[in-house]
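J.: One structure, as C-alpha cells, below. Some questions next.
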Amino acid sequence: MCSGQQHRHEHKHEQILCPQCDLVVSVPQLAQGTKATCPRCHTVLIARWRQPFYQPVALAISALFMLLMASQFTFVSMEVAGIANNVTLMQIPTVMFSENYVELGAFFLLFVQIVPAFCMVAILFLCTPIQLPRKLQIWLSRILFQLKSWCMAEIFLAGILVSFVKLMAYGDIGLGLSFLPYVLYCLFQIRAFQCLDRHTLWEKLEPRPNYPNIESGQSGLKQGVRLCRSCTAILPVDQYECSRCEVKGHARRPKSLQWTVSLLITSLILYIPANLLPIMVTESLGNDIYSTIMAGVILLWEDGSYPVAMVIFIASIMVPSLKMVAIAWLCWDAHKSNGKRDPARMHFLYEVVEYVGRWSMIDVFVIAVLASLVRMGRLMSIYPDFGVVLFALVVVLTMFSAMMFDPRLTWDKCTTEDDKPTIKEPKGD
C-alpha cells in the first residue's frame, strides 16, 4: 500500500498508545464483543463489550447486594470441647481493634471491605445516567482503576479456606449463612472489573482531546507524544497536564528506577524480621506456642495437609522472595539494556510480578480469621504477633515497588515495525 493510501486508511482507524510498551497502534472500528491487543506486548488496548455499561452496573449491584447479605449473618463458626464461637464478617476487624492489633485490623478493613465496596459504588455512579459534577466524575474515574489492585476480597476468601484446614485439627468448623453470599460477592466483583473497559468509560464521560498526527508501529516517545496513564488520552510530550482528566504526568514516570529500588530495599529489610519473628501465638491450656511463617508451613506438612502447606509456602515464602529478585532484575535490565535482548520476556516477567504479588496477603488474612474465631479462653486462643504486621508491610511495599516501575523502559531501546493489532472476542462475554 502506498503512503498516501495508508495515511487515508489510518484516519478511519483509532490510534491508541499502548500503556505498557508505548507503541502506537492503529485500531479499526471494533464490533461488539471483540477486543484489540497490542501486537508487541499483547496488552489489551480496548474491549468493546456487547453491554459496556449495563453489565458492570448489574454486576456491581449484585455484588453490593451480596455484600449486604454477607454482613447480616454468621460467617463461620467453631466448636471445641463443647465451647462454641462464631463471627460475622464485620466482627473480624472489630476483634483486631479491640485486641490492640490496629495495623492488622486496618489492613483487613481497607483491602477486604472498604476498597472493594467503594469500587463497586464508583462503577454504579460512573456507568449509570446519574448526573454528577464533572470534577467528581473525573476523580472517581481516576481512582477506580488505581484501586483495582488493592481489592483483595478473593484473596481473603482463599485465606478462609486455608484457615479451615488448620482449624479442622482442633474442632468442628461450620459455615454460616453469610458464606455463600460472600463467595458470590467475590465472583461478581471480579467480573464487574473484567467487563469495565477504561478506554470506553472515559469516552463516555468526555471525548479525548485531539492529538498530533502520528504513525502506527512507532514509539510514541519518538514521535513527541505521551500517554495519559489515567484516561488513555494521547498528548504532546511537553504537555504536563491532561486536558481531559487533569492528571499531571510525564512521558516516563520520573525517577522510576530510583523509587522502585528504594521501595525494594525497604521491603527486603523488613522481610528478614518478618520471617524470623512470630506471626501467631497459640495459647492452649496455659501454654503459649509461637509460630513463624516457616513453622506454620512445617506444621501443616507434618499434619499431612500437603496442598495447603504448599499454598502457604508458595504465597508467603517463594512469591515474595522471587518477586524481589524479579523486580531487581527488571530494574537492572531497564538500566543496562542495549537493545540486544528479548524485551517480550522481561515484559512477561513484569506482568507475572504485578499479578502474583498481592496473593502473598493470604497468610495475613488466615491469621485474621484464626485470631477472630479461635477465642476459647485458656482452652485455646490464637493471637496475631508482630511478625504478621511486618509481613503485611513487605507485601504492600513490594506492590508499590512494582507499580513504580515503568514497563515502557524495557521497550525504549527496541526498534519496532508496523503491525496490526490482534482482535478477538473477550472471554466469557
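If you're wondering about the labels, chains in the C-alpha cells are A, B, ... by order shown, residues count from 1 in each chain, ligands from 1 in order shown.
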Env of range 243-253 of chain A: 10 Å cut, atoms = only C-alpha atoms, seq-sep filter 5 positions within chain, self excluded. Answer as a ChimeraX atom specification.

T.: /A:22,134-135,137-139,141-142,202,205-209,220-221,224-233,235-238,259,404-409

J.: Can you tell me which residues surround Leu276 in chain A at a distance of at most 9 Å, considering only C-alpha atoms, apart from same-chain residues fewer than 3 positions away, and format the answer as a list in words?

T.: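 Surrounding residues, per the criterion: Tyr271, Ile272, Pro273, Ile279, Thr292, Ile293, Met294 and Gly387 of chain A.
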
J.: Output N, CA and C atoms for every residue in that selection, as a tab-separated table (two decimals), in the first residue's frame.

T.:
```
chain	number	residue	atom	x	y	z
A	271	TYR	N	11.63	-7.81	55.34
A	271	TYR	CA	11.33	-9.21	55.07
A	271	TYR	C	12.11	-10.16	55.99
A	272	ILE	N	13.31	-9.76	56.38
A	272	ILE	CA	14.13	-10.62	57.25
A	272	ILE	C	13.49	-10.80	58.63
A	273	PRO	N	13.18	-9.71	59.36
A	273	PRO	CA	12.50	-9.93	60.66
A	273	PRO	C	11.08	-10.49	60.51
A	279	ILE	N	4.56	-14.81	63.85
A	279	ILE	CA	3.41	-14.13	63.26
A	279	ILE	C	2.12	-14.50	63.99
A	292	THR	N	6.31	-19.01	63.48
A	292	THR	CA	6.76	-18.18	62.38
A	292	THR	C	6.09	-18.67	61.09
A	293	ILE	N	6.33	-17.99	59.98
A	293	ILE	CA	5.72	-18.40	58.72
A	293	ILE	C	6.18	-19.80	58.34
A	294	MET	N	7.48	-20.03	58.42
A	294	MET	CA	8.02	-21.33	58.02
A	294	MET	C	7.58	-22.42	58.98
A	387	GLY	N	5.19	-10.15	63.86
A	387	GLY	CA	5.74	-10.58	62.58
A	387	GLY	C	4.75	-10.47	61.44
```

J.: Select from range 280-307 of chain A every residue with an atom at most 10 Å from any atom of range 350-369 of chain A, then for each give the shortest pair of atoms and their distance in Å to one decimal, using only C-alpha atoms, rows by chain and rising number, as a Markdown table.

T.:
```
| residue | atom | partner | partner_atom | distance |
| --- | --- | --- | --- | --- |
| A:Met280 | CA | A:Ile367 | CA | 7.1 |
| A:Val281 | CA | A:Ile367 | CA | 9.9 |
| A:Ile293 | CA | A:Asp363 | CA | 8.3 |
| A:Gly296 | CA | A:Asp363 | CA | 9.9 |
```

J.: Find the residues of range 40-123 of chain A that sit at most 9 Å from range 176-191 of chain A; for each, write down the nearest two atoms and how far apart they are in Å, to one decimal. Count only C-alpha atoms. Sort by chain, then by number going up, and give it as JSON lines.

T.:
```
{"residue": "A:Pro56", "atom": "CA", "partner": "A:Arg191", "partner_atom": "CA", "distance": 7.8}
{"residue": "A:Leu59", "atom": "CA", "partner": "A:Phe188", "partner_atom": "CA", "distance": 5.4}
{"residue": "A:Ala60", "atom": "CA", "partner": "A:Gln189", "partner_atom": "CA", "distance": 6.5}
{"residue": "A:Ile61", "atom": "CA", "partner": "A:Phe188", "partner_atom": "CA", "distance": 8.9}
{"residue": "A:Ser62", "atom": "CA", "partner": "A:Phe188", "partner_atom": "CA", "distance": 6.7}
{"residue": "A:Ala63", "atom": "CA", "partner": "A:Tyr185", "partner_atom": "CA", "distance": 4.5}
{"residue": "A:Leu64", "atom": "CA", "partner": "A:Tyr185", "partner_atom": "CA", "distance": 7.1}
{"residue": "A:Phe65", "atom": "CA", "partner": "A:Tyr185", "partner_atom": "CA", "distance": 8.0}
{"residue": "A:Met66", "atom": "CA", "partner": "A:Pro181", "partner_atom": "CA", "distance": 5.0}
{"residue": "A:Leu67", "atom": "CA", "partner": "A:Tyr185", "partner_atom": "CA", "distance": 5.8}
{"residue": "A:Leu68", "atom": "CA", "partner": "A:Pro181", "partner_atom": "CA", "distance": 8.6}
{"residue": "A:Met69", "atom": "CA", "partner": "A:Pro181", "partner_atom": "CA", "distance": 6.3}
{"residue": "A:Ala70", "atom": "CA", "partner": "A:Ser178", "partner_atom": "CA", "distance": 4.1}
{"residue": "A:Ser71", "atom": "CA", "partner": "A:Ser178", "partner_atom": "CA", "distance": 6.8}
{"residue": "A:Gln72", "atom": "CA", "partner": "A:Ser178", "partner_atom": "CA", "distance": 7.1}
{"residue": "A:Phe73", "atom": "CA", "partner": "A:Ser178", "partner_atom": "CA", "distance": 5.4}
{"residue": "A:Thr74", "atom": "CA", "partner": "A:Gly176", "partner_atom": "CA", "distance": 4.7}
{"residue": "A:Phe75", "atom": "CA", "partner": "A:Gly176", "partner_atom": "CA", "distance": 4.6}
{"residue": "A:Val76", "atom": "CA", "partner": "A:Gly176", "partner_atom": "CA", "distance": 5.1}
{"residue": "A:Ser77", "atom": "CA", "partner": "A:Gly176", "partner_atom": "CA", "distance": 6.9}
{"residue": "A:Asn86", "atom": "CA", "partner": "A:Gly176", "partner_atom": "CA", "distance": 8.6}
{"residue": "A:Val87", "atom": "CA", "partner": "A:Gly176", "partner_atom": "CA", "distance": 8.9}
{"residue": "A:Thr88", "atom": "CA", "partner": "A:Ser178", "partner_atom": "CA", "distance": 7.9}
{"residue": "A:Leu89", "atom": "CA", "partner": "A:Ser178", "partner_atom": "CA", "distance": 8.0}
{"residue": "A:Pro116", "atom": "CA", "partner": "A:Gln189", "partner_atom": "CA", "distance": 7.6}
{"residue": "A:Ala117", "atom": "CA", "partner": "A:Gln189", "partner_atom": "CA", "distance": 8.8}
{"residue": "A:Cys119", "atom": "CA", "partner": "A:Gln189", "partner_atom": "CA", "distance": 8.8}
{"residue": "A:Met120", "atom": "CA", "partner": "A:Gln189", "partner_atom": "CA", "distance": 7.2}
```

J.: Identify, with DSSP run on backbone atoms, the residues in range 227-401 of chain A assigned to alpha helix (DSSP H), and express the list as an MDAnalysis selection string.

T.: chainID A and resid 256:276 293:302 306:313 319:336 343:356 362:373 386:401

J.: Quick one: residues within 12 Å of range 164-171 of chain A, only C-alpha atoms, excluding same-chain residues fewer than 5 positions away - as number ranges by chain?

T.: A: 76-85, 157-159, 282, 284, 296-297, 299-309, 311-312, 363, 366-367, 369-371, 373-374, 376, 379-382

J.: To one decimal place in Å, what is the distance between CA of Met96 in chain A and CA of Pro320 in chain A?

T.: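 Between CA of Met96 in chain A and CA of Pro320 in chain A the gap is 24.7 Å.
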